[in-house]
$ cat upload_24.tsv   # TSV, N, CA and C atoms
chain	number	residue	atom	x	y	z
V	1	MET	N	19.22	-22.91	24.43
V	1	MET	CA	18.85	-22.45	23.12
V	1	MET	C	19.71	-21.27	22.69
V	2	ALA	N	19.96	-20.35	23.61
V	2	ALA	CA	20.73	-19.16	23.26
V	2	ALA	C	22.14	-19.52	22.83
V	3	VAL	N	22.76	-20.45	23.52
V	3	VAL	CA	24.11	-20.88	23.16
V	3	VAL	C	24.10	-21.50	21.77
V	4	ARG	N	23.09	-22.33	21.51
V	4	ARG	CA	22.98	-22.98	20.20
V	4	ARG	C	22.76	-21.95	19.10
V	5	LEU	N	21.95	-20.92	19.36
V	5	LEU	CA	21.74	-19.87	18.37
V	5	LEU	C	23.04	-19.12	18.07
V	6	LEU	N	23.79	-18.79	19.12
V	6	LEU	CA	25.08	-18.12	18.90
V	6	LEU	C	26.00	-18.97	18.02
V	7	GLU	N	26.04	-20.26	18.31
V	7	GLU	CA	26.86	-21.18	17.50
V	7	GLU	C	26.37	-21.21	16.06
V	8	LEU	N	25.05	-21.23	15.88
V	8	LEU	CA	24.47	-21.25	14.54
V	8	LEU	C	24.82	-19.98	13.78
V	9	PHE	N	24.70	-18.83	14.42
V	9	PHE	CA	25.03	-17.57	13.76
V	9	PHE	C	26.49	-17.57	13.31
V	10	GLU	N	27.39	-18.03	14.16
V	10	GLU	CA	28.81	-18.08	13.81
V	10	GLU	C	29.05	-19.05	12.66
V	11	HIS	N	28.36	-20.19	12.70
V	11	HIS	CA	28.52	-21.19	11.64
V	11	HIS	C	28.06	-20.63	10.29
V	12	VAL	N	26.89	-19.99	10.28
V	12	VAL	CA	26.36	-19.42	9.03
V	12	VAL	C	27.28	-18.33	8.51
V	13	GLU	N	27.79	-17.51	9.41
V	13	GLU	CA	28.71	-16.44	9.00
V	13	GLU	C	29.95	-17.01	8.33
V	14	ASP	N	30.48	-18.10	8.85
V	14	ASP	CA	31.73	-18.67	8.35
V	14	ASP	C	31.55	-19.65	7.19
V	15	ASP	N	30.34	-20.11	6.95
V	15	ASP	CA	30.09	-21.14	5.93
V	15	ASP	C	29.77	-20.48	4.59
V	16	ASP	N	30.68	-20.63	3.64
V	16	ASP	CA	30.47	-20.03	2.32
V	16	ASP	C	29.30	-20.66	1.57
V	17	ALA	N	28.91	-21.87	1.94
V	17	ALA	CA	27.78	-22.53	1.29
V	17	ALA	C	26.44	-22.00	1.80
V	18	ALA	N	26.42	-21.36	2.95
V	18	ALA	CA	25.18	-20.79	3.50
V	18	ALA	C	24.99	-19.40	2.90
V	19	HIS	N	23.83	-19.19	2.30
V	19	HIS	CA	23.57	-17.91	1.64
V	19	HIS	C	22.62	-17.02	2.43
V	20	MET	N	21.93	-17.60	3.41
V	20	MET	CA	21.01	-16.83	4.25
V	20	MET	C	20.68	-17.65	5.48
V	21	LEU	N	19.97	-17.03	6.42
V	21	LEU	CA	19.57	-17.71	7.65
V	21	LEU	C	18.11	-17.40	7.93
V	22	ALA	N	17.34	-18.43	8.21
V	22	ALA	CA	15.95	-18.26	8.64
V	22	ALA	C	15.81	-18.90	10.01
V	23	ILE	N	15.16	-18.20	10.93
V	23	ILE	CA	14.90	-18.76	12.26
V	23	ILE	C	13.41	-18.71	12.53
V	24	THR	N	12.94	-19.69	13.28
V	24	THR	CA	11.55	-19.73	13.71
V	24	THR	C	11.49	-20.43	15.06
V	25	GLY	N	10.36	-20.36	15.69
V	25	GLY	CA	10.20	-21.00	16.98
V	25	GLY	C	9.72	-22.43	16.83
V	26	ALA	N	9.91	-23.20	17.88
V	26	ALA	CA	9.37	-24.56	17.93
V	26	ALA	C	8.04	-24.48	18.66
V	27	GLY	N	7.05	-25.15	18.16
V	27	GLY	CA	5.75	-25.11	18.81
V	27	GLY	C	4.92	-23.94	18.36
V	28	SER	N	4.11	-23.41	19.27
V	28	SER	CA	3.15	-22.38	18.90
V	28	SER	C	3.62	-20.95	19.18
V	29	ALA	N	4.85	-20.77	19.58
V	29	ALA	CA	5.38	-19.42	19.84
V	29	ALA	C	6.72	-19.25	19.15
V	30	PHE	N	7.00	-18.03	18.72
V	30	PHE	CA	8.32	-17.73	18.17
V	30	PHE	C	9.32	-17.72	19.31
V	31	CYS	N	9.10	-16.83	20.28
V	31	CYS	CA	9.93	-16.76	21.49
V	31	CYS	C	9.25	-15.79	22.44
V	32	ILE	N	9.03	-16.22	23.67
V	32	ILE	CA	8.33	-15.35	24.63
V	32	ILE	C	9.27	-14.80	25.69
V	33	GLY	N	10.56	-14.78	25.39
V	33	GLY	CA	11.53	-14.18	26.29
V	33	GLY	C	12.73	-15.07	26.47
V	34	LEU	N	13.74	-14.51	27.09
V	34	LEU	CA	14.99	-15.23	27.35
V	34	LEU	C	15.35	-15.09	28.82
V	35	ASP	N	16.08	-16.04	29.32
V	35	ASP	CA	16.58	-16.00	30.68
V	35	ASP	C	17.49	-14.79	30.86
V	36	ASP	N	17.49	-14.22	32.05
V	36	ASP	CA	18.33	-13.06	32.33
V	36	ASP	C	19.82	-13.31	32.12
V	37	ALA	N	20.24	-14.56	32.21
V	37	ALA	CA	21.65	-14.89	32.08
V	37	ALA	C	22.12	-14.98	30.62
V	38	VAL	N	21.21	-14.85	29.66
V	38	VAL	CA	21.59	-14.96	28.25
V	38	VAL	C	22.51	-13.81	27.87
V	39	ASP	N	23.56	-14.15	27.17
V	39	ASP	CA	24.55	-13.17	26.71
V	39	ASP	C	23.89	-12.16	25.77
V	40	PRO	N	23.97	-10.86	26.06
V	40	PRO	CA	23.36	-9.84	25.20
V	40	PRO	C	23.91	-9.86	23.77
V	41	ARG	N	25.05	-10.49	23.57
V	41	ARG	CA	25.61	-10.57	22.21
V	41	ARG	C	24.75	-11.43	21.29
V	42	LEU	N	23.84	-12.22	21.85
V	42	LEU	CA	23.00	-13.09	21.03
V	42	LEU	C	22.27	-12.30	19.96
V	43	VAL	N	21.52	-11.30	20.36
V	43	VAL	CA	20.72	-10.52	19.42
V	43	VAL	C	21.63	-9.73	18.49
V	44	GLU	N	22.66	-9.13	19.03
V	44	GLU	CA	23.58	-8.35	18.19
V	44	GLU	C	24.27	-9.23	17.16
V	45	SER	N	24.56	-10.48	17.50
V	45	SER	CA	25.19	-11.41	16.55
V	45	SER	C	24.29	-11.66	15.35
V	46	LEU	N	22.99	-11.71	15.58
V	46	LEU	CA	22.06	-11.85	14.46
V	46	LEU	C	22.01	-10.56	13.65
V	47	ALA	N	21.99	-9.44	14.34
V	47	ALA	CA	21.88	-8.15	13.65
V	47	ALA	C	23.06	-7.85	12.74
V	48	VAL	N	24.24	-8.32	13.10
V	48	VAL	CA	25.44	-7.99	12.30
V	48	VAL	C	25.84	-9.10	11.32
V	49	LEU	N	25.05	-10.16	11.25
V	49	LEU	CA	25.36	-11.24	10.31
V	49	LEU	C	25.43	-10.65	8.90
V	50	SER	N	26.44	-11.02	8.15
V	50	SER	CA	26.64	-10.42	6.82
V	50	SER	C	25.70	-11.01	5.77
V	51	LYS	N	25.04	-12.10	6.08
V	51	LYS	CA	24.11	-12.74	5.14
V	51	LYS	C	22.69	-12.36	5.51
V	52	PRO	N	21.78	-12.37	4.54
V	52	PRO	CA	20.39	-12.01	4.85
V	52	PRO	C	19.78	-12.94	5.90
V	53	THR	N	18.97	-12.35	6.78
V	53	THR	CA	18.33	-13.11	7.85
V	53	THR	C	16.83	-12.88	7.82
V	54	VAL	N	16.08	-13.94	8.13
V	54	VAL	CA	14.63	-13.87	8.16
V	54	VAL	C	14.14	-14.47	9.47
V	55	ALA	N	13.25	-13.75	10.14
V	55	ALA	CA	12.58	-14.30	11.33
V	55	ALA	C	11.19	-14.70	10.89
V	56	ILE	N	10.91	-15.98	10.96
V	56	ILE	CA	9.59	-16.50	10.61
V	56	ILE	C	8.83	-16.63	11.93
V	57	ILE	N	7.97	-15.67	12.19
V	57	ILE	CA	7.31	-15.56	13.49
V	57	ILE	C	6.02	-16.39	13.45
V	58	ASN	N	6.14	-17.59	14.00
V	58	ASN	CA	5.07	-18.58	13.94
V	58	ASN	C	4.11	-18.52	15.13
V	59	GLY	N	4.21	-17.48	15.93
V	59	GLY	CA	3.37	-17.32	17.11
V	59	GLY	C	3.86	-16.12	17.90
V	60	ASP	N	3.57	-16.11	19.18
V	60	ASP	CA	3.88	-14.95	20.01
V	60	ASP	C	5.38	-14.63	20.03
V	61	ALA	N	5.67	-13.34	19.97
V	61	ALA	CA	7.04	-12.83	20.09
V	61	ALA	C	7.00	-11.75	21.16
V	62	PHE	N	7.45	-12.10	22.35
V	62	PHE	CA	7.40	-11.19	23.49
V	62	PHE	C	8.81	-10.87	23.96
V	63	ASP	N	8.96	-9.68	24.48
V	63	ASP	CA	10.18	-9.25	25.16
V	63	ASP	C	11.43	-9.57	24.34
V	64	GLU	N	12.35	-10.33	24.90
V	64	GLU	CA	13.60	-10.62	24.19
V	64	GLU	C	13.36	-11.40	22.90
V	65	GLY	N	12.26	-12.14	22.84
V	65	GLY	CA	11.91	-12.84	21.60
V	65	GLY	C	11.59	-11.86	20.49
V	66	LEU	N	10.87	-10.80	20.83
V	66	LEU	CA	10.59	-9.76	19.85
V	66	LEU	C	11.87	-9.01	19.49
V	67	GLU	N	12.72	-8.78	20.47
V	67	GLU	CA	14.00	-8.13	20.19
V	67	GLU	C	14.84	-8.98	19.23
V	68	LEU	N	14.81	-10.30	19.40
V	68	LEU	CA	15.52	-11.19	18.49
V	68	LEU	C	14.95	-11.07	17.08
V	69	ALA	N	13.62	-11.09	16.96
V	69	ALA	CA	12.99	-10.97	15.64
V	69	ALA	C	13.34	-9.64	14.98
V	70	MET	N	13.38	-8.57	15.76
V	70	MET	CA	13.69	-7.25	15.20
V	70	MET	C	15.12	-7.16	14.68
V	71	ALA	N	16.00	-8.02	15.16
V	71	ALA	CA	17.39	-8.00	14.71
V	71	ALA	C	17.56	-8.64	13.34
V	72	ALA	N	16.55	-9.39	12.89
V	72	ALA	CA	16.62	-10.00	11.56
V	72	ALA	C	16.37	-8.93	10.49
V	73	ASP	N	16.83	-9.22	9.29
V	73	ASP	CA	16.64	-8.28	8.18
V	73	ASP	C	15.17	-8.22	7.74
V	74	ILE	N	14.52	-9.37	7.76
V	74	ILE	CA	13.13	-9.47	7.33
V	74	ILE	C	12.36	-10.26	8.39
V	75	ARG	N	11.13	-9.82	8.64
V	75	ARG	CA	10.26	-10.52	9.57
V	75	ARG	C	8.95	-10.83	8.88
V	76	VAL	N	8.51	-12.07	8.98
V	76	VAL	CA	7.19	-12.45	8.49
V	76	VAL	C	6.49	-13.16	9.64
V	77	ALA	N	5.18	-12.92	9.76
V	77	ALA	CA	4.46	-13.46	10.92
V	77	ALA	C	3.11	-14.03	10.48
V	78	ILE	N	2.65	-15.04	11.21
V	78	ILE	CA	1.31	-15.53	10.99
V	78	ILE	C	0.34	-14.47	11.52
V	79	SER	N	-0.88	-14.50	11.02
V	79	SER	CA	-1.84	-13.45	11.38
V	79	SER	C	-2.23	-13.45	12.85
V	80	SER	N	-2.09	-14.57	13.52
V	80	SER	CA	-2.47	-14.64	14.94
V	80	SER	C	-1.31	-14.33	15.89
V	81	ALA	N	-0.14	-14.02	15.36
V	81	ALA	CA	1.02	-13.71	16.22
V	81	ALA	C	0.74	-12.45	17.03
V	82	ARG	N	1.19	-12.47	18.28
V	82	ARG	CA	1.07	-11.30	19.14
V	82	ARG	C	2.47	-10.81	19.48
V	83	PHE	N	2.59	-9.49	19.68
V	83	PHE	CA	3.88	-8.86	19.95
V	83	PHE	C	3.76	-8.00	21.19
V	84	ALA	N	4.77	-8.06	22.06
V	84	ALA	CA	4.73	-7.24	23.27
V	84	ALA	C	6.14	-7.04	23.82
V	85	ILE	N	6.33	-5.88	24.38
V	85	ILE	CA	7.54	-5.56	25.14
V	85	ILE	C	7.04	-5.27	26.55
V	86	THR	N	7.28	-6.20	27.48
V	86	THR	CA	6.72	-6.04	28.84
V	86	THR	C	7.79	-5.92	29.92
V	87	GLN	N	9.05	-5.78	29.52
V	87	GLN	CA	10.09	-5.69	30.53
V	87	GLN	C	9.86	-4.53	31.50
V	88	ILE	N	9.32	-3.43	31.00
V	88	ILE	CA	9.09	-2.26	31.85
V	88	ILE	C	8.12	-2.60	32.97
V	89	LYS	N	7.12	-3.43	32.69
V	89	LYS	CA	6.18	-3.86	33.72
V	89	LYS	C	6.88	-4.67	34.80
V	90	ARG	N	7.99	-5.31	34.45
V	90	ARG	CA	8.76	-6.10	35.42
V	90	ARG	C	9.85	-5.27	36.09
V	91	GLY	N	9.90	-3.98	35.74
V	91	GLY	CA	10.87	-3.10	36.39
V	91	GLY	C	12.24	-3.08	35.72
V	92	THR	N	12.33	-3.58	34.49
V	92	THR	CA	13.59	-3.53	33.76
V	92	THR	C	13.35	-2.90	32.40
V	93	MET	N	14.43	-2.53	31.76
V	93	MET	CA	14.37	-1.98	30.41
V	93	MET	C	14.71	-3.08	29.41
V	94	PRO	N	14.17	-2.99	28.19
V	94	PRO	CA	14.62	-3.91	27.15
V	94	PRO	C	16.13	-3.74	26.98
V	95	HIS	N	16.85	-4.85	26.89
V	95	HIS	CA	18.31	-4.73	26.88
V	95	HIS	C	18.97	-5.38	25.67
V	96	PHE	N	18.18	-5.73	24.67
V	96	PHE	CA	18.74	-6.31	23.46
V	96	PHE	C	18.47	-5.43	22.24
V	97	GLY	N	18.26	-4.15	22.43
V	97	GLY	CA	18.14	-3.22	21.31
V	97	GLY	C	16.74	-2.77	20.95
V	98	ALA	N	15.73	-3.17	21.69
V	98	ALA	CA	14.36	-2.81	21.33
V	98	ALA	C	14.13	-1.30	21.34
V	99	THR	N	14.75	-0.59	22.26
V	99	THR	CA	14.50	0.85	22.34
V	99	THR	C	15.04	1.59	21.13
V	100	GLN	N	15.97	0.99	20.40
V	100	GLN	CA	16.48	1.61	19.18
V	100	GLN	C	15.80	1.02	17.94
V	101	ARG	N	15.66	-0.29	17.88
V	101	ARG	CA	15.13	-0.94	16.68
V	101	ARG	C	13.63	-0.73	16.49
V	102	LEU	N	12.87	-0.81	17.57
V	102	LEU	CA	11.42	-0.73	17.45
V	102	LEU	C	10.96	0.60	16.85
V	103	PRO	N	11.41	1.76	17.32
V	103	PRO	CA	10.98	3.02	16.70
V	103	PRO	C	11.38	3.12	15.22
V	104	ARG	N	12.52	2.55	14.87
V	104	ARG	CA	12.94	2.57	13.46
V	104	ARG	C	12.01	1.74	12.59
V	105	LEU	N	11.48	0.66	13.15
V	105	LEU	CA	10.64	-0.25	12.37
V	105	LEU	C	9.18	0.19	12.31
V	106	ILE	N	8.63	0.71	13.40
V	106	ILE	CA	7.19	1.01	13.43
V	106	ILE	C	6.87	2.46	13.79
V	107	GLY	N	7.88	3.29	13.94
V	107	GLY	CA	7.65	4.69	14.30
V	107	GLY	C	7.64	4.88	15.81
V	108	ALA	N	7.99	6.08	16.21
V	108	ALA	CA	8.14	6.38	17.64
V	108	ALA	C	6.82	6.24	18.41
V	109	ALA	N	5.72	6.75	17.87
V	109	ALA	CA	4.45	6.71	18.59
V	109	ALA	C	3.99	5.26	18.81
V	110	ASN	N	4.09	4.44	17.79
V	110	ASN	CA	3.69	3.04	17.94
V	110	ASN	C	4.62	2.31	18.89
V	111	ALA	N	5.91	2.62	18.85
V	111	ALA	CA	6.87	1.96	19.75
V	111	ALA	C	6.56	2.30	21.20
V	112	ILE	N	6.25	3.54	21.49
V	112	ILE	CA	5.92	3.95	22.86
V	112	ILE	C	4.65	3.23	23.31
V	113	ARG	N	3.66	3.13	22.44
V	113	ARG	CA	2.42	2.43	22.77
V	113	ARG	C	2.68	0.96	23.08
V	114	LEU	N	3.52	0.33	22.26
V	114	LEU	CA	3.81	-1.09	22.47
V	114	LEU	C	4.59	-1.33	23.75
V	115	MET	N	5.50	-0.41	24.08
V	115	MET	CA	6.30	-0.57	25.29
V	115	MET	C	5.50	-0.16	26.51
$ encode --input "upload_24.tsv" --output "C-alpha cells"
Amino acid sequence: MAVRLLELFEHVEDDDAAHMLAITGAGSAFCIGLDDAVDPRLVESLAVLSKPTVAIINGDAFDEGLELAMAADIRVAISSARFAITQIKRGTMPHFGATQRLPRLIGAANAIRLM
C-alpha cells in the first residue's frame, strides 16, 4: 500500500488534470499503522504535495495512520473515528512527523495527552 500511495502522490503532482487528492481507508479503518520498513518519505510526500489534499478518516487512525492523516491539508472524520499515537508504548518515537504536526493542529497540552 505504501508503495502505491507514493506512486499516487507522484502521479497527482505531475498530472495537470488532477486538481486535488483525497485519500481514505478501505474497510472500517482509515489506517492503524504502517510496517517499520515503509519509507519515511511517504508521509512527507503527502505533506509537500502542491495540490490540496484531504484525508477522509472513515474509522480508526492510529500511529503512522494518524501521522499520514495529519500530513493532509484537510482532515474530516466520522464521529466514531478514534485517534491514537501509541509508538511510545512500543518503545519507539513517532517517526513520520507527529511530534511536530500534532501540537500545531491540537495544541501542545492535547498532543502530550494523546501521545
$ residues_around --input "upload_24.tsv" --residues "Asn110 in chain V" --least-positions-apart "6" --cutoff "12 Å" --atoms "only C-alpha atoms" --output "compact mmCIF listing (two decimals) with N, CA and C atoms, in the coordinates of the input"
# COMPACT_ATOMS: atom_id res chain seq x y z
N ALA V 84 4.77 -8.06 22.06
CA ALA V 84 4.73 -7.24 23.27
C ALA V 84 6.14 -7.04 23.82
N ILE V 85 6.33 -5.88 24.38
CA ILE V 85 7.54 -5.56 25.14
C ILE V 85 7.04 -5.27 26.55
N THR V 99 14.75 -0.59 22.26
CA THR V 99 14.50 0.85 22.34
C THR V 99 15.04 1.59 21.13
N LEU V 102 12.87 -0.81 17.57
CA LEU V 102 11.42 -0.73 17.45
C LEU V 102 10.96 0.60 16.85
N PRO V 103 11.41 1.76 17.32
CA PRO V 103 10.98 3.02 16.70
C PRO V 103 11.38 3.12 15.22
N ARG V 104 12.52 2.55 14.87
CA ARG V 104 12.94 2.57 13.46
C ARG V 104 12.01 1.74 12.59
$ select_by_dssp --input "upload_24.tsv" --residues "chain V" --states "alpha helix (DSSP H)" --output "PyMOL selection string"
chain V and resi 2-14+41-47+64-71+98-106+108-114
$ axis_aligned_box --input "upload_24.tsv" --around "range 11-25 of chain V" --padding-each-side "5 Å" --output "AutoDock Vina command-line options"
--center_x 20.7 --center_y -19.5 --center_z 9.1 --size_x 32.0 --size_y 16.1 --size_z 25.7
$ residues_around --input "upload_24.tsv" --residues "His19 in chain V" --least-positions-apart "4" --cutoff "7 Å" --atoms "only N, CA and C atoms" --output "PyMOL selection string"
chain V and resi 15+51-52
$ atom_distance --input "upload_24.tsv" --atom1 "atom C of Gly33 in chain V" --atom2 "CA of Met93 in chain V"
13.8 Å
$ select_by_dssp --input "upload_24.tsv" --residues "chain V" --states "strand (DSSP E or B)" --output "VMD selection string"
chain V and resid 21 to 24 29 to 31 53 to 57 60 to 62 74 to 77 83 to 84
$ residues_around --input "upload_24.tsv" --residues "Glu44 in chain V" --least-positions-apart "5" --cutoff "8 Å" --atoms "all atoms listed in the file" --output "PDB file with N, CA and C atoms, in the coordinates of the input"
ATOM      1  N   ASP V  39      23.560 -14.150  27.170  1.00  0.00           N
ATOM      2  CA  ASP V  39      24.550 -13.170  26.710  1.00  0.00           C
ATOM      3  C   ASP V  39      23.890 -12.160  25.770  1.00  0.00           C
ATOM      4  N   LEU V  49      25.050 -10.160  11.250  1.00  0.00           N
ATOM      5  CA  LEU V  49      25.360 -11.240  10.310  1.00  0.00           C
ATOM      6  C   LEU V  49      25.430 -10.650   8.900  1.00  0.00           C
ATOM      7  N   GLU V  67      12.720  -8.780  20.470  1.00  0.00           N
ATOM      8  CA  GLU V  67      14.000  -8.130  20.190  1.00  0.00           C
ATOM      9  C   GLU V  67      14.840  -8.980  19.230  1.00  0.00           C
ATOM     10  N   LEU V  68      14.810 -10.300  19.400  1.00  0.00           N
ATOM     11  CA  LEU V  68      15.520 -11.190  18.490  1.00  0.00           C
ATOM     12  C   LEU V  68      14.950 -11.070  17.080  1.00  0.00           C
ATOM     13  N   ALA V  71      16.000  -8.020  15.160  1.00  0.00           N
ATOM     14  CA  ALA V  71      17.390  -8.000  14.710  1.00  0.00           C
ATOM     15  C   ALA V  71      17.560  -8.640  13.340  1.00  0.00           C
ATOM     16  N   PHE V  96      18.180  -5.730  24.670  1.00  0.00           N
ATOM     17  CA  PHE V  96      18.740  -6.310  23.460  1.00  0.00           C
ATOM     18  C   PHE V  96      18.470  -5.430  22.240  1.00  0.00           C
ATOM     19  N   GLY V  97      18.260  -4.150  22.430  1.00  0.00           N
ATOM     20  CA  GLY V  97      18.140  -3.220  21.310  1.00  0.00           C
ATOM     21  C   GLY V  97      16.740  -2.770  20.950  1.00  0.00           C
TER      22      GLY V  97
END
$ closest_residue --input "upload_24.tsv" --among "V:Leu66, V:Glu7, V:Ala98, V:Ile57" --to "Ala81 in chain V" --atoms "only N, CA and C atoms"
V:Ile57
$ closest_residue --input "upload_24.tsv" --among "V:Val12, V:Ile106, V:Leu46, V:Asp60" --to "Gly27 in chain V" --atoms "only C-alpha atoms"
V:Asp60
$ atom_distance --input "upload_24.tsv" --atom1 "atom C of Leu5 in chain V" --atom2 "CA of Val76 in chain V"
19.7 Å
$ atom_distance --input "upload_24.tsv" --atom1 "atom C of Ala109 in chain V" --atom2 "atom C of Leu34 in chain V"
25.4 Å
$ closest_residue --input "upload_24.tsv" --among "V:Ala77, V:Ala61, V:Leu42, V:Leu8" --to "Phe30 in chain V" --atoms "all atoms listed in the file"
V:Ala61
$ closest_residue --input "upload_24.tsv" --among "V:Gly65, V:Gly107, V:Gly59, V:Gly25" --to "Val38 in chain V" --atoms "only C-alpha atoms"
V:Gly65
$ closest_residue --input "upload_24.tsv" --among "V:Met115, V:Val43, V:Met70, V:Ala37" --to "Ile88 in chain V" --atoms "only N, CA and C atoms"
V:Met115
$ residues_around --input "upload_24.tsv" --residues "Ser50 in chain V" --least-positions-apart "6" --cutoff "12 Å" --atoms "only C-alpha atoms" --output "list in words"
Phe9, Glu10, His11, Val12, Glu13, Asp14, Asp15, Asp16, Ala18, His19, Met20, Leu21, Glu44, Ala72 and Asp73 of chain V
$ residues_around --input "upload_24.tsv" --residues "Ile74 in chain V" --least-positions-apart "5" --cutoff "8 Å" --atoms "all atoms listed in the file" --output "ChimeraX atom specification"
/V:52-57,69
